[in-house]
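Raw query-v4.cif, mmCIF, C-alpha atoms:
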data_coords
#
loop_
_atom_site.label_atom_id
_atom_site.label_comp_id
_atom_site.auth_asym_id
_atom_site.auth_seq_id
_atom_site.Cartn_x
_atom_site.Cartn_y
_atom_site.Cartn_z
CA MET A 990 81.69 63.30 -60.82
CA LYS A 991 79.42 65.64 -62.74
CA ASN A 992 81.99 68.42 -62.58
CA LEU A 993 84.65 66.11 -64.01
CA ASP A 994 82.32 64.84 -66.75
CA HIS A 995 82.50 61.37 -65.26
CA LEU A 996 78.88 60.99 -64.30
CA ALA A 997 77.48 57.58 -65.19
CA ILE A 998 74.75 58.99 -67.40
CA THR A 999 74.56 57.85 -70.97
CA GLU A 1000 71.98 58.36 -73.65
CA ASP A 1001 70.06 55.40 -72.23
CA LEU A 1002 69.42 57.29 -69.03
CA HIS A 1003 67.17 60.35 -69.26
CA ILE A 1004 67.43 61.80 -65.78
CA MET A 1005 69.47 61.10 -62.64
CA GLN A 1006 68.20 62.39 -59.29
CA ALA A 1007 69.73 62.68 -55.84
CA TYR A 1008 70.43 65.16 -53.10
CA ALA A 1009 73.36 67.53 -53.45
CA SER A 1010 73.36 68.06 -49.70
CA GLU A 1011 72.29 66.12 -46.67
CA MET A 1012 68.57 65.37 -46.66
CA SER A 1013 65.90 64.85 -44.04
CA VAL A 1014 63.74 61.77 -44.17
CA HIS A 1015 60.28 63.11 -43.45
CA PRO A 1016 57.61 60.44 -42.79
CA ASP A 1017 55.61 61.67 -45.80
CA PHE A 1018 58.50 61.50 -48.28
CA SER A 1019 57.44 58.12 -49.65
CA LYS A 1020 53.86 59.32 -50.07
CA HIS A 1021 54.54 62.62 -51.82
CA TRP A 1022 56.86 61.31 -54.53
CA PRO A 1023 54.59 58.70 -56.14
CA THR A 1024 51.59 60.98 -55.64
CA ALA A 1025 53.28 63.65 -57.75
CA LEU A 1026 54.58 61.22 -60.39
CA HIS A 1027 51.09 59.72 -60.73
CA GLY A 1028 49.50 63.12 -61.33
CA GLY A 1029 47.89 63.40 -57.90
CA THR A 1030 48.61 67.01 -56.90
CA GLY A 1031 46.35 68.87 -59.33
CA VAL A 1032 49.36 70.88 -60.57
CA ALA A 1033 50.84 69.65 -63.85
CA ALA A 1034 54.24 71.21 -63.09
CA ASN A 1035 54.60 68.77 -60.18
CA HIS A 1036 53.91 65.71 -62.33
CA THR A 1037 56.96 65.64 -64.59
CA VAL A 1038 59.92 63.62 -63.35
CA LEU A 1039 61.84 66.83 -62.64
CA GLY A 1040 58.80 68.53 -61.13
CA ALA A 1041 57.99 65.63 -58.80
CA TRP A 1042 61.53 65.62 -57.40
CA ARG A 1043 61.32 69.38 -56.76
CA TYR A 1044 57.87 68.95 -55.21
CA VAL A 1045 59.06 66.31 -52.73
CA CYS A 1046 61.95 68.51 -51.65
CA ASP A 1047 59.61 71.45 -51.22
CA ARG A 1048 57.11 69.37 -49.25
CA THR A 1049 59.43 67.46 -46.95
CA GLN A 1050 62.69 69.26 -46.35
CA PRO A 1051 62.81 71.57 -43.34
CA LYS A 1052 62.74 75.19 -44.31
CA GLU A 1053 65.79 76.26 -42.39
CA SER A 1054 68.65 78.67 -42.61
CA GLY A 1055 69.52 79.41 -46.24
CA THR A 1056 73.18 78.59 -45.78
CA SER A 1057 72.46 75.01 -44.79
CA ALA A 1058 69.30 74.36 -46.79
CA ASN A 1059 68.88 70.92 -48.28
CA ILE A 1060 69.15 70.72 -52.06
CA SER A 1061 67.59 68.11 -54.30
CA ARG A 1062 69.20 67.80 -57.72
CA SER A 1063 68.29 66.40 -61.12
CA VAL A 1064 70.88 65.96 -63.87
CA TYR A 1065 69.32 65.43 -67.30
CA TRP A 1066 69.60 65.75 -71.03
CA PRO A 1067 67.88 68.99 -72.16
CA GLU A 1068 65.29 67.25 -74.34
CA CYS A 1069 64.14 65.15 -71.36
CA ALA A 1070 63.18 68.13 -69.17
CA GLY A 1071 59.48 67.55 -69.78
CA ASP A 1072 59.50 63.78 -69.29
CA PHE A 1073 56.73 62.10 -67.35
CA ILE A 1074 56.93 58.53 -66.11
CA TYR A 1075 55.54 55.87 -68.43
CA GLY A 1076 51.76 55.88 -68.55
CA TYR A 1077 51.36 59.42 -67.26
CA GLY A 1078 52.69 61.51 -70.13
CA PRO A 1079 55.32 61.62 -72.90
CA GLN A 1080 59.06 60.94 -72.77
CA THR A 1081 61.72 62.04 -75.23
CA ASP A 1082 64.68 59.81 -75.94
CA PRO A 1083 68.00 61.61 -75.53
CA PHE A 1084 69.53 62.71 -78.81
CA PRO A 1085 72.45 60.51 -79.88
CA ASP A 1086 76.00 61.84 -79.77
CA ARG A 1087 75.38 64.08 -76.80
CA VAL A 1088 78.42 64.93 -74.71
CA GLN A 1089 78.35 65.29 -70.95
CA GLY A 1090 78.95 69.03 -71.17
CA GLU A 1091 75.42 69.30 -72.53
CA LEU A 1092 73.82 67.90 -69.40
CA LEU A 1093 71.68 70.31 -67.43
CA GLU A 1094 71.45 70.45 -63.67
CA ASP A 1095 68.32 71.42 -61.82
CA ASP A 1096 68.37 72.24 -58.10
CA GLN A 1097 65.48 72.63 -55.71
CA ILE A 1098 66.52 74.33 -52.52
CA ALA A 1099 64.37 73.80 -49.44
CA PRO A 1100 62.85 77.25 -48.96
CA PRO A 1101 64.16 79.13 -45.94
CA GLN A 1102 62.10 79.32 -42.79
CA MET B 425 33.18 79.89 -4.42
CA VAL B 426 34.10 81.96 -7.44
CA GLY B 427 37.63 80.57 -7.37
CA VAL B 428 36.36 76.99 -7.32
CA ALA B 429 34.02 77.64 -10.24
CA VAL B 430 36.84 79.12 -12.34
CA ARG B 431 39.11 76.18 -11.53
CA LEU B 432 36.48 73.70 -12.66
CA ILE B 433 35.93 75.56 -15.90
CA THR B 434 39.67 75.70 -16.51
CA CYS B 435 40.06 71.98 -15.91
CA GLY B 436 37.15 71.16 -18.18
CA HIS B 437 38.48 73.49 -20.86
CA ALA B 438 41.99 72.06 -20.74
CA ALA B 439 40.65 68.55 -21.12
CA LEU B 440 39.32 69.49 -24.56
CA VAL B 441 42.77 70.46 -25.87
CA PRO B 442 44.72 67.33 -26.70
CA ARG B 443 48.48 67.13 -26.88
CA PRO B 444 49.93 66.25 -30.27
CA GLY B 445 50.21 62.51 -30.87
CA LYS B 446 53.33 60.65 -31.93
CA ASP B 447 52.52 60.90 -35.64
CA ASP B 448 51.65 64.60 -35.32
CA LEU B 449 54.98 65.27 -33.65
CA ARG B 450 56.99 63.40 -36.29
CA ARG B 451 55.33 65.35 -39.08
CA LEU B 452 55.43 68.72 -37.33
CA VAL B 453 58.88 68.74 -35.73
CA GLY B 454 60.70 65.53 -36.62
CA ASP B 455 62.09 62.75 -34.45
CA GLN B 456 63.23 62.84 -30.86
CA ILE B 457 66.92 63.54 -30.42
CA GLY B 458 69.28 61.87 -27.96
CA ASP B 459 70.68 63.31 -24.74
CA VAL B 460 72.80 66.38 -25.34
CA LYS B 461 76.23 65.95 -23.79
CA VAL B 462 77.55 69.54 -23.87
CA LEU B 463 75.26 72.49 -24.39
CA ASN B 464 76.32 76.13 -24.60
CA TRP B 465 73.64 78.80 -24.53
CA ALA B 466 74.44 81.91 -26.57
CA ALA B 467 70.88 83.00 -27.39
CA GLY B 468 69.25 86.17 -26.14
CA ASP B 469 66.35 86.38 -23.71
CA LEU B 470 63.11 84.65 -24.61
CA GLU B 471 60.21 86.83 -25.63
CA ALA B 472 57.48 87.07 -23.00
CA THR B 473 54.63 85.83 -25.20
CA ASN B 474 51.61 83.73 -24.33
CA LEU B 475 51.79 80.18 -25.61
CA VAL B 476 48.41 79.79 -27.25
CA ILE B 477 46.94 76.55 -28.57
CA TYR B 478 44.62 77.02 -31.54
CA LYS B 479 41.90 74.80 -32.86
CA ILE B 480 41.59 74.82 -36.64
CA GLU B 481 38.07 75.47 -37.82
CA ALA B 482 36.70 73.06 -40.40
CA PRO B 483 37.16 74.55 -43.90
CA LYS B 484 33.93 75.26 -45.77
CA TYR B 485 33.63 75.13 -49.53
CA ASN B 486 32.21 78.25 -51.15
CA ARG B 487 31.33 77.67 -54.80
CA GLU B 488 31.07 81.36 -55.63
CA GLN B 489 34.46 82.09 -54.14
CA LEU B 490 36.11 79.35 -56.18
CA LEU B 491 34.42 80.61 -59.34
CA THR B 492 35.54 84.17 -58.62
CA LEU B 493 39.09 83.03 -58.00
CA ALA B 494 39.05 81.09 -61.26
CA LYS B 495 37.73 84.07 -63.18
CA ASN B 496 40.37 86.40 -61.69
CA LEU B 497 43.14 83.98 -62.57
CA GLY B 498 41.88 83.26 -66.07
CA VAL B 499 40.64 79.71 -65.56
CA THR B 500 37.39 78.80 -67.28
CA GLY B 501 35.09 75.95 -66.37
CA GLU B 502 32.71 74.75 -63.72
CA PRO B 503 33.60 73.47 -60.24
CA GLU B 504 33.49 69.74 -59.73
CA ARG B 505 34.69 67.28 -57.13
CA MET B 506 38.44 66.78 -57.41
CA PRO B 507 39.52 63.17 -57.95
CA SER B 508 39.68 61.23 -54.70
CA SER B 509 43.24 60.20 -55.59
CA PHE B 510 44.45 63.79 -55.15
CA SER B 511 46.57 64.36 -52.08
CA SER B 512 44.45 67.36 -51.06
CA ALA B 513 41.08 65.57 -51.58
CA PRO B 514 38.32 65.86 -50.64
CA GLY B 515 37.68 69.15 -52.32
CA TYR B 516 36.60 70.89 -55.50
CA TRP B 517 38.45 72.08 -58.55
CA ILE B 518 37.95 73.82 -61.85
CA LYS B 519 40.09 72.29 -64.55
CA GLU B 520 40.21 74.14 -67.83
CA ALA B 521 39.66 71.87 -70.78
CA ASN B 522 42.81 71.30 -72.81
CA PRO B 523 42.04 70.39 -76.44
CA THR B 524 45.52 68.94 -76.98
CA ASN B 525 46.96 65.68 -75.67
CA ARG B 526 49.53 67.64 -73.71
CA PRO B 527 49.26 66.72 -70.00
CA TRP B 528 49.40 70.35 -68.87
CA PHE B 529 46.32 72.21 -67.72
CA LYS B 530 45.16 75.32 -65.90
CA ALA B 531 43.25 74.73 -62.70
CA VAL B 532 42.15 76.18 -59.39
CA SER B 533 41.25 74.01 -56.44
CA PHE B 534 39.98 74.14 -52.89
CA SER B 535 40.78 71.46 -50.32
CA GLU B 536 38.17 70.63 -47.72
CA LYS B 537 40.93 68.86 -45.86
CA SER B 538 42.98 71.97 -45.14
CA GLY B 539 41.13 74.97 -46.61
CA SER B 540 43.98 75.52 -49.08
CA TYR B 541 43.54 77.18 -52.46
CA VAL B 542 45.82 76.30 -55.37
CA PHE B 543 46.19 77.85 -58.80
CA ALA B 544 48.21 76.00 -61.43
CA GLY B 545 49.20 77.46 -64.78
CA ASP B 546 49.58 75.36 -67.91
CA GLU B 547 53.07 76.42 -68.97
CA ASP B 548 56.36 74.74 -68.23
CA ASP B 549 59.07 77.04 -66.87
CA HIS B 550 61.81 75.16 -68.73
CA ARG B 551 62.48 77.24 -71.86
CA TRP B 552 65.52 75.90 -73.64
CA ASP B 553 66.96 76.25 -77.12
CA LEU B 554 67.88 72.64 -77.96
CA LYS B 555 69.73 73.56 -81.13
CA ASN B 556 71.90 76.35 -79.78
CA HIS B 557 72.15 75.01 -76.22
CA ARG B 558 71.05 78.16 -74.43
CA PRO B 559 68.13 79.31 -72.27
CA LEU B 560 65.12 81.05 -73.77
CA VAL B 561 63.78 82.42 -70.50
CA ARG B 562 63.18 86.15 -70.39
CA GLY B 563 61.63 88.51 -67.87
CA VAL B 564 61.30 86.39 -64.75
CA PRO B 565 60.29 88.95 -62.08
CA THR B 566 62.89 90.35 -59.68
CA ALA B 567 62.28 90.24 -55.93
CA ASP B 568 60.54 93.60 -55.71
CA GLU B 569 58.46 92.94 -58.83
CA ALA B 570 57.40 89.53 -57.59
CA LEU B 571 56.47 90.86 -54.15
CA ALA B 572 54.35 93.64 -55.65
CA LYS B 573 52.56 91.14 -57.89
CA THR B 574 51.96 88.78 -54.97
CA LEU B 575 50.53 91.47 -52.70
CA GLN B 576 48.06 92.28 -55.48
CA LEU B 577 46.81 88.69 -55.27
CA LEU B 578 45.80 88.93 -51.59
CA PRO B 579 42.19 90.12 -52.12
CA MET B 580 41.53 87.06 -54.33
CA PHE B 581 42.10 84.92 -51.24
CA ASN B 582 40.13 87.27 -48.95
CA LEU B 583 43.37 88.35 -47.30
CA THR B 584 44.90 91.70 -46.42
CA THR B 585 48.38 92.52 -45.17
CA ASN B 586 46.93 92.40 -41.62
CA ASP B 587 46.64 88.63 -42.07
CA LEU B 588 50.35 88.36 -42.81
CA GLU B 589 53.13 87.86 -40.32
CA HIS B 590 55.34 90.86 -39.63
CA THR B 591 58.69 90.97 -37.89
CA ALA B 592 59.17 92.38 -34.39
CA LYS B 593 60.15 95.65 -36.07
CA GLY B 594 56.84 95.77 -37.92
CA LYS B 595 58.17 94.83 -41.35
CA LEU B 596 56.42 92.30 -43.54
CA ARG B 597 57.99 88.85 -43.26
CA TRP B 598 58.63 87.67 -46.79
CA ARG B 599 61.16 85.67 -48.76
CA TYR B 600 62.16 85.60 -52.38
CA THR B 601 63.75 82.53 -53.92
CA THR B 602 64.63 81.47 -57.44
CA ASP B 603 64.60 78.09 -59.13
CA GLY B 604 67.36 77.77 -61.66
CA THR B 605 69.08 75.41 -64.05
CA THR B 606 72.84 75.16 -64.41
CA TYR B 607 74.40 74.63 -67.83
CA THR B 608 77.77 74.90 -69.51
CA ASP B 609 77.85 77.83 -71.90
CA LYS B 610 79.30 76.60 -75.20
CA THR B 611 80.65 80.02 -76.10
CA ASP B 612 82.99 80.37 -73.15
CA GLY B 613 82.89 76.94 -71.49
CA LYS B 614 81.76 78.45 -68.18
CA LYS B 615 79.08 77.11 -65.92
CA LYS B 616 76.10 79.43 -65.71
CA ARG B 617 72.71 79.36 -64.06
CA PHE B 618 69.52 80.65 -65.62
CA ILE B 619 66.50 81.46 -63.48
CA ARG B 620 63.39 79.62 -64.62
CA ARG B 621 61.07 80.72 -61.87
CA SER B 622 60.94 83.18 -59.00
CA ASN B 623 58.93 82.63 -55.86
CA VAL B 624 57.57 84.87 -53.13
CA MET B 625 56.59 83.48 -49.75
CA LEU B 626 54.37 85.16 -47.18
CA TRP B 627 53.40 83.67 -43.81
CA GLN B 628 50.19 83.57 -41.81
CA ARG B 629 50.13 85.93 -38.82
CA MET B 630 49.63 84.14 -35.50
CA PRO B 631 47.07 86.19 -33.57
CA GLY B 632 48.72 85.68 -30.18
CA GLY B 633 52.31 86.30 -31.32
CA GLY B 634 55.05 83.91 -32.34
CA SER B 635 55.96 82.82 -35.81
CA THR B 636 54.49 80.38 -38.32
CA PHE B 637 56.77 77.44 -39.03
CA SER B 638 55.81 75.99 -42.38
CA ILE B 639 56.13 72.34 -43.26
CA GLY B 640 55.72 72.03 -47.02
CA GLY B 641 53.74 75.25 -47.44
CA GLY B 642 51.46 75.16 -44.38
CA GLY B 643 50.56 78.61 -43.02
CA MET B 644 52.00 80.14 -46.13
CA LEU B 645 51.04 81.85 -49.36
CA GLU B 646 53.53 81.14 -52.12
CA ALA B 647 53.33 82.57 -55.61
CA SER B 648 55.63 81.60 -58.48
CA TYR B 649 56.39 83.50 -61.70
CA ILE B 650 58.03 82.36 -64.90
CA SER B 651 59.17 83.80 -68.22
CA ASP B 652 57.52 87.06 -69.29
CA GLY B 653 56.39 87.63 -65.70
CA LYS B 654 53.56 85.12 -65.97
CA LEU B 655 51.97 83.75 -62.83
CA ALA B 656 52.71 80.02 -62.82
CA GLN B 657 51.40 78.82 -59.48
CA VAL B 658 49.87 80.01 -56.22
CA GLU B 659 49.24 77.99 -53.10
CA CYS B 660 47.53 79.57 -50.11
CA VAL B 661 47.31 77.47 -46.94
CA PHE B 662 46.00 79.91 -44.33
CA ARG B 663 44.00 77.95 -41.74
CA LYS B 664 41.27 79.53 -39.65
CA LEU B 665 42.43 79.52 -36.04
CA ARG B 666 40.50 79.77 -32.79
CA PRO B 667 42.32 79.98 -29.43
CA VAL B 668 41.25 77.12 -27.17
CA GLY B 669 43.95 76.91 -24.53
CA THR B 670 47.45 77.74 -23.46
CA ALA B 671 50.68 75.95 -22.67
CA LYS B 672 53.14 76.69 -19.90
CA LEU B 673 55.93 79.18 -20.46
CA MET B 674 59.41 77.76 -20.05
CA ASN B 675 62.41 79.74 -18.89
CA ARG B 676 65.91 79.41 -20.25
CA ASN B 677 67.03 76.89 -17.63
CA GLN B 678 64.00 74.69 -18.22
CA ILE B 679 64.68 74.68 -21.96
CA ILE B 680 68.33 73.81 -21.41
CA GLN B 681 67.41 70.94 -19.07
CA ALA B 682 64.83 69.64 -21.54
CA LEU B 683 67.37 69.73 -24.37
CA LYS B 684 69.94 67.92 -22.25
CA ARG B 685 67.40 65.23 -21.39
CA GLY B 686 66.79 64.65 -25.09
CA ASP B 687 63.16 65.88 -25.00
CA ALA B 688 63.56 67.97 -28.15
CA ARG B 689 62.86 66.88 -31.71
CA SER B 690 64.56 67.64 -34.98
CA PHE B 691 64.35 66.87 -38.69
CA GLN B 692 68.09 66.40 -38.63
CA MET B 693 70.11 63.67 -36.93
CA PRO B 694 72.49 65.62 -34.73
CA SER B 695 75.24 63.83 -32.83
CA CYS B 696 74.28 65.89 -29.73
CA GLN B 697 77.86 65.90 -28.51
CA ASN B 698 78.61 69.61 -28.43
CA LEU B 699 75.82 72.06 -29.17
CA THR B 700 75.73 75.83 -29.08
CA ILE B 701 72.27 77.41 -29.16
CA THR B 702 72.33 80.86 -30.73
CA ASN B 703 68.62 81.53 -31.13
CA CYS B 704 65.44 80.46 -29.37
CA SER B 705 61.96 81.60 -30.34
CA LEU B 706 58.32 80.58 -30.32
CA VAL B 707 56.99 78.89 -33.46
CA TYR B 708 53.70 77.37 -34.58
CA PRO B 709 54.21 74.53 -37.08
CA GLN B 710 51.62 74.00 -39.82
CA LEU B 711 51.53 71.07 -42.19
CA SER B 712 51.10 71.33 -45.95
CA GLY B 713 47.73 71.72 -47.65
CA ASP B 714 47.30 67.99 -48.17
CA HIS B 715 47.07 67.35 -44.44
CA LYS B 716 44.11 67.68 -42.16
CA GLN B 717 45.46 69.36 -39.05
CA SER B 718 43.13 69.84 -36.09
CA PHE B 719 45.22 72.00 -33.78
CA VAL B 720 48.18 74.33 -34.00
CA TRP B 721 50.46 73.95 -31.00
CA PRO B 722 53.28 76.21 -29.83
CA PHE B 723 56.86 74.94 -29.81
CA TYR B 724 60.14 76.47 -28.75
CA ALA B 725 62.52 76.47 -31.71
CA ALA B 726 66.18 76.42 -30.67
CA SER B 727 68.80 76.68 -33.37
CA GLY B 728 72.54 76.96 -33.49
CA PHE B 729 75.43 74.73 -34.43
CA GLU B 730 77.09 71.54 -33.36
CA ILE B 731 80.72 70.60 -33.59
CA GLY B 732 81.50 67.00 -34.27
CA ASP B 733 83.79 64.90 -36.46
CA GLY B 734 85.77 68.00 -37.39
CA GLU B 735 82.71 69.72 -38.92
CA THR B 736 80.42 72.49 -37.77
CA ASN B 737 76.79 71.96 -38.74
CA TYR B 738 73.70 74.13 -38.43
CA VAL B 739 71.07 72.44 -36.26
CA ALA B 740 67.48 73.20 -35.23
CA PHE B 741 65.43 71.62 -32.44
CA TYR B 742 61.83 71.89 -31.41
CA LEU B 743 60.48 71.52 -27.91
CA LEU B 744 56.86 71.12 -26.91
CA PRO B 745 56.09 73.09 -23.74
CA PRO B 746 54.09 71.40 -20.97
CA SER B 747 50.31 71.75 -20.84
CA ASP B 748 48.93 74.59 -18.76
#
What's the structure tokens form of this structure?
Amino acid sequence: MKNLDHLAITEDLHIMQAYASEMSVHPDFSKHWPTALHGGTGVAANHTVLGAWRYVCDRTQPKESGTSANISRSVYWPECAGDFIYGYGPQTDPFPDRVQGELLEDDQIAPPQ
Amino acid sequence: MVGVAVRLITCGHAALVPRPGKDDLRRLVGDQIGDVKVLNWAAGDLEATNLVIYKIEAPKYNREQLLTLAKNLGVTGEPERMPSSFSSAPGYWIKEANPTNRPWFKAVSFSEKSGSYVFAGDEDDHRWDLKNHRPLVRGVPTADEALAKTLQLLPMFNLTTNDLEHTAKGKLRWRYTTDGTTYTDKTDGKKKRFIRRSNVMLWQRMPGGGSTFSIGGGGMLEASYISDGKLAQVECVFRKLRPVGTAKLMNRNQIIQALKRGDARSFQMPSCQNLTITNCSLVYPQLSGDHKQSFVWPFYAASGFEIGDGETNYVAFYLLPPSD
């Protein structure tokens, strides 16, 4: 959908996150994500919305063969790259009149073993 | 009489080395798979290596070492207890005061839970020209540059290259990865990717042979670099290991039978209908720096591919050998 510019992301939505591959459900997945979003890793880069999604992928996805590595993806408006969740840092509202071609796409690939 | 005495000591010794519990196994090697219907073995011979079980020594906080690390990495401040809400707590950290309201900060930390050290820079790697819709990142280190920079960091963590895993051919085991962002270039309409950050990974050498299998950074030193070659982050999770026992070697047939019985575990959910194993080796899984791990156990790692539903998928399984 993203490639055809039909992704359901408007200027009301800052960031959309998912996996671009299959994913593994590690028992600590549900612990790591809120921990990072709530500023609980001691590393500011992990606490943004984008950073927390990367962090969870890095922490929970098996580090296997590069050709089949799991990939977490964030699609976002450029000005929202540094967004935190409410109460933990600033957010920037997407600029009006953006077109989908201006969306950025951030991938975190599970590091190879 | 001597034989009896040795037997007693061995029994007593083995009793002190527990097997991993259910939760340990799920975190270290995933969930148990089902019975494998068809299994083809195309892997080479197994290495004749001892299967050693290691106890992890309790990490000890050293104030001077944390201060020295902070000084070397350009972080100013005094050590204090890290917040108990941190995933790696209990431990200590030095957080550099940030006079702005910006929620970015420089810090170094030490976890008493795992013995891990972490350095965090205060700069975002996302450099983007909002007006002209193009990246502003420049000078992210190449693989060779990043490796050289990372090897220079080793003394700060009291490590040398002897502490690092090497391949069977004696070469340093290392990986280089990049984190990038994809965008559509307005000038030509093409999709392009700019590299925000480059990462170098080095693994902890296992004294008795075998390979470190890292879950979320365990048994690993990872350093990340951003624009202008700046160090953005380092995490070093090298645990202190002491051999306390051994596990039983398994031969190829025993591994095949165990896989067929469904004794193996995996982070994936294979259909187990038609598997071909192309590689089998000895690995030692280590959890990330926010976990207290008491032992490091050996596992056989079997990988290959499965054919099912018209697709061929890469698969990896882990098998715990029996106690000695």
For a cut-off of 9 Å around (70.2, 58.4, -71.6), file coordinates, pick out all residues using all atoms listed in the file and list them as an MDAnalysis selection string. chainID A and resid 998:1004 1065:1066 1082:1085
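Atom pair atom CA of Gly653 of chain B / atom CA of Gly563 of chain B: separated by 5.7 Å.
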Nearest to Ala647 of chain B, restricted to only C-alpha atoms and choosing among B:Thr606, B:Thr611, B:Ser690, B:Gln576, comes out as B:Gln576
Leaving out Gln1097 of chain A and any residue of its chain fewer than 2 positions from it, which residues lie within 10 Å of it when counting all atoms listed in the file, given as a VMD selection string? (chain A and resid 1008 to 1009 1039 to 1040 1042 to 1047 1058 to 1063 1095 1099 to 1100) or (chain B and resid 602 to 605)
Chain A residues within 6 Å of chain B, counting all atoms listed in the file: which ones, as a PyMOL selection string? chain A and resi 1013+1029-1030+1032-1033+1047-1049+1093-1095
If we count only C-alpha atoms and set the cut-off at 12 Å, which residues sit around Thr736 of chain B, ignoring sequence neighbours fewer than 3 positions away in its own chain? Please answer as a PDB file with C-alpha atoms, in the frame of the given file.
ATOM      1  CA  SER A1057      72.460  75.010 -44.790  1.00  0.00           C
TER       2      SER A1057
ATOM      3  CA  PRO B 694      72.490  65.620 -34.730  1.00  0.00           C
ATOM      4  CA  SER B 695      75.240  63.830 -32.830  1.00  0.00           C
ATOM      5  CA  GLN B 697      77.860  65.900 -28.510  1.00  0.00           C
ATOM      6  CA  ASN B 698      78.610  69.610 -28.430  1.00  0.00           C
ATOM      7  CA  LEU B 699      75.820  72.060 -29.170  1.00  0.00           C
ATOM      8  CA  THR B 700      75.730  75.830 -29.080  1.00  0.00           C
ATOM      9  CA  GLY B 728      72.540  76.960 -33.490  1.00  0.00           C
ATOM     10  CA  PHE B 729      75.430  74.730 -34.430  1.00  0.00           C
ATOM     11  CA  GLU B 730      77.090  71.540 -33.360  1.00  0.00           C
ATOM     12  CA  ILE B 731      80.720  70.600 -33.590  1.00  0.00           C
ATOM     13  CA  GLY B 732      81.500  67.000 -34.270  1.00  0.00           C
ATOM     14  CA  ASP B 733      83.790  64.900 -36.460  1.00  0.00           C
ATOM     15  CA  VAL B 739      71.070  72.440 -36.260  1.00  0.00           C
TER      16      VAL B 739
END
If I take atom CA of Gln1050 of chain A and atom CA of Val720 of chain B, how far is one from the other in Å, to one decimal? 19.7 Å
Please write the residues picked by the PyMOL selection byres ((chain B and resi 502) around 8) on this file as JSON, numbers by chain. {"B": [491, 500, 501, 503, 504, 518, 519]}
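For the pair atom CA of Tyr485 of chain B and atom CA of Leu645 of chain B, the interatomic distance is 18.7 Å.
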Would you translate the PyMOL selection byres ((chain B and resi 589) around 10) into the concrete set of residues it matches in this file, as a tab-separated table (two decimals) with C-alpha atoms, in the coordinates of the input?
chain	number	residue	atom	x	y	z
B	585	THR	CA	48.38	92.52	-45.17
B	586	ASN	CA	46.93	92.40	-41.62
B	587	ASP	CA	46.64	88.63	-42.07
B	588	LEU	CA	50.35	88.36	-42.81
B	590	HIS	CA	55.34	90.86	-39.63
B	591	THR	CA	58.69	90.97	-37.89
B	592	ALA	CA	59.17	92.38	-34.39
B	594	GLY	CA	56.84	95.77	-37.92
B	595	LYS	CA	58.17	94.83	-41.35
B	596	LEU	CA	56.42	92.30	-43.54
B	597	ARG	CA	57.99	88.85	-43.26
B	598	TRP	CA	58.63	87.67	-46.79
B	626	LEU	CA	54.37	85.16	-47.18
B	627	TRP	CA	53.40	83.67	-43.81
B	628	GLN	CA	50.19	83.57	-41.81
B	629	ARG	CA	50.13	85.93	-38.82
B	630	MET	CA	49.63	84.14	-35.50
B	631	PRO	CA	47.07	86.19	-33.57
B	633	GLY	CA	52.31	86.30	-31.32
B	634	GLY	CA	55.05	83.91	-32.34
B	635	SER	CA	55.96	82.82	-35.81
B	636	THR	CA	54.49	80.38	-38.32
B	643	GLY	CA	50.56	78.61	-43.02
B	644	MET	CA	52.00	80.14	-46.13
Could you give me the axis-aligned bounding box of segment 730-737 of chain B, with 4 Å of padding per side, as centre plus edge lengths in Å to one decimal, as AutoDock Vina command-line options?
--center_x 81.3 --center_y 68.7 --center_z -36.1 --size_x 17.0 --size_y 15.6 --size_z 13.6
I would like the residues chosen by the PyMOL selection byres ((chain B and resi 470) around 8) on the shown file; could you give them as JSON, numbers by chain? {"B": [468, 469, 471, 472, 675, 676, 704, 705]}
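If you measure from each of A:Val1014, A:Ala1007, A:Val1038, A:Ala1025 to Pro1079 of chain A using all atoms listed in the file, the closest one turns out to be A:Val1038.
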Which of B:Leu706, B:Ser718, B:Ser540, B:Tyr649 sits closest to Ala567 of chain B [using all atoms listed in the file]: B:Tyr649
